[in-house]
Amino acid sequence: MATRSDQMNSVIGPGSIFEGKFYISGSLKIDGKFEGEIKTEDALVVGETGKVKTNISAKDVVIAGTMIGNIAAENEVRLEKSGKLLGDINA
């Protein structure tokens with residue numbers, strides 16, 4: 001699973017705010033704020049500075065920041081020590 005930012009196809013960086021729907025065929029890392037809906041065919045990483053309010057559909061998910069919402073993962077979901085999740089997981 002891709003987890004390093006240099007392997008990510010797209011990054012929402014620290015200090016960035018995104019609201020809406022984000023559909024991507026590659027991987028995504030969120031270090032800023034995101035509210036809406038995310039669908040990816042690859043990995044999604046919520047970095048330590050990431051704050052996310054969304055429902056996620058992805059191949060793999062890593063939560064190191066804060067997430068409110070539900071996760072539907074094809075493979076695995078990993079909650080890091082710094083991660084906080086309020087929602088349901090289906091993997």
# chains A, B, ... in the order shown; residues from 1 in each chain; ligands from 1
>>> select_by_dssp(residues="chain A", states="strand (DSSP E)", output="PyMOL selection string")
chain A and resi 10-12+17-24+28-30+33-40+43-46+51-58+60-63+66-68+71-73+77-79+84-86+89-90
>>> write_last_selection(atoms="C-alpha atoms", output="CSV table (one decimal), in the first residue's frame")
chain,number,residue,atom,x,y,z
A,10,SER,CA,-2.7,13.7,-5.5
A,11,VAL,CA,-2.2,15.6,-2.3
A,12,ILE,CA,-4.4,18.1,-0.4
A,17,ILE,CA,-9.5,23.3,2.4
A,18,PHE,CA,-11.5,21.2,-0.1
A,19,GLU,CA,-15.3,20.8,-0.1
A,20,GLY,CA,-17.2,18.7,-2.6
A,21,LYS,CA,-16.8,15.4,-4.4
A,22,PHE,CA,-13.3,14.0,-5.3
A,23,TYR,CA,-13.2,11.0,-7.6
A,24,ILE,CA,-9.7,9.8,-8.5
A,28,LEU,CA,-4.7,10.5,-2.5
A,29,LYS,CA,-3.2,12.0,0.6
A,30,ILE,CA,-5.0,14.6,2.7
A,33,LYS,CA,-9.2,19.8,5.5
A,34,PHE,CA,-11.7,17.9,3.4
A,35,GLU,CA,-15.5,17.7,3.6
A,36,GLY,CA,-17.6,15.8,1.0
A,37,GLU,CA,-17.2,12.5,-0.7
A,38,ILE,CA,-14.1,10.6,-1.8
A,39,LYS,CA,-13.9,7.6,-4.2
A,40,THR,CA,-10.6,6.2,-5.3
A,43,ALA,CA,-5.0,4.1,-1.5
A,44,LEU,CA,-6.2,7.0,0.5
A,45,VAL,CA,-4.1,8.4,3.4
A,46,VAL,CA,-5.3,11.0,6.0
A,51,LYS,CA,-9.1,16.6,9.2
A,52,VAL,CA,-11.7,14.8,7.1
A,53,LYS,CA,-15.5,14.7,7.2
A,54,THR,CA,-16.5,12.3,4.5
A,55,ASN,CA,-17.6,8.8,3.4
A,56,ILE,CA,-14.7,7.0,1.7
A,57,SER,CA,-14.6,4.3,-0.9
A,58,ALA,CA,-11.0,3.1,-1.6
A,60,ASP,CA,-6.8,0.8,1.1
A,61,VAL,CA,-7.2,3.5,3.8
A,62,VAL,CA,-4.7,4.8,6.4
A,63,ILE,CA,-5.9,7.2,9.0
A,66,THR,CA,-8.9,12.9,12.3
A,67,MET,CA,-11.8,11.4,10.3
A,68,ILE,CA,-15.6,11.6,10.8
A,71,ILE,CA,-15.1,3.8,5.2
A,72,ALA,CA,-15.7,1.1,2.6
A,73,ALA,CA,-12.3,-0.5,1.7
A,77,VAL,CA,-8.0,0.0,6.8
A,78,ARG,CA,-5.2,1.0,9.1
A,79,LEU,CA,-5.6,3.4,12.1
A,84,LYS,CA,-8.9,9.3,15.3
A,85,LEU,CA,-12.0,7.8,13.6
A,86,LEU,CA,-15.7,8.3,14.3
A,89,ILE,CA,-15.6,0.5,8.7
A,90,ASN,CA,-16.4,-2.1,6.0
>>> atom_distance(atom1="CA of Lys81 (chain A)", atom2="CA of Glu48 (chain A)")
9.8 Å
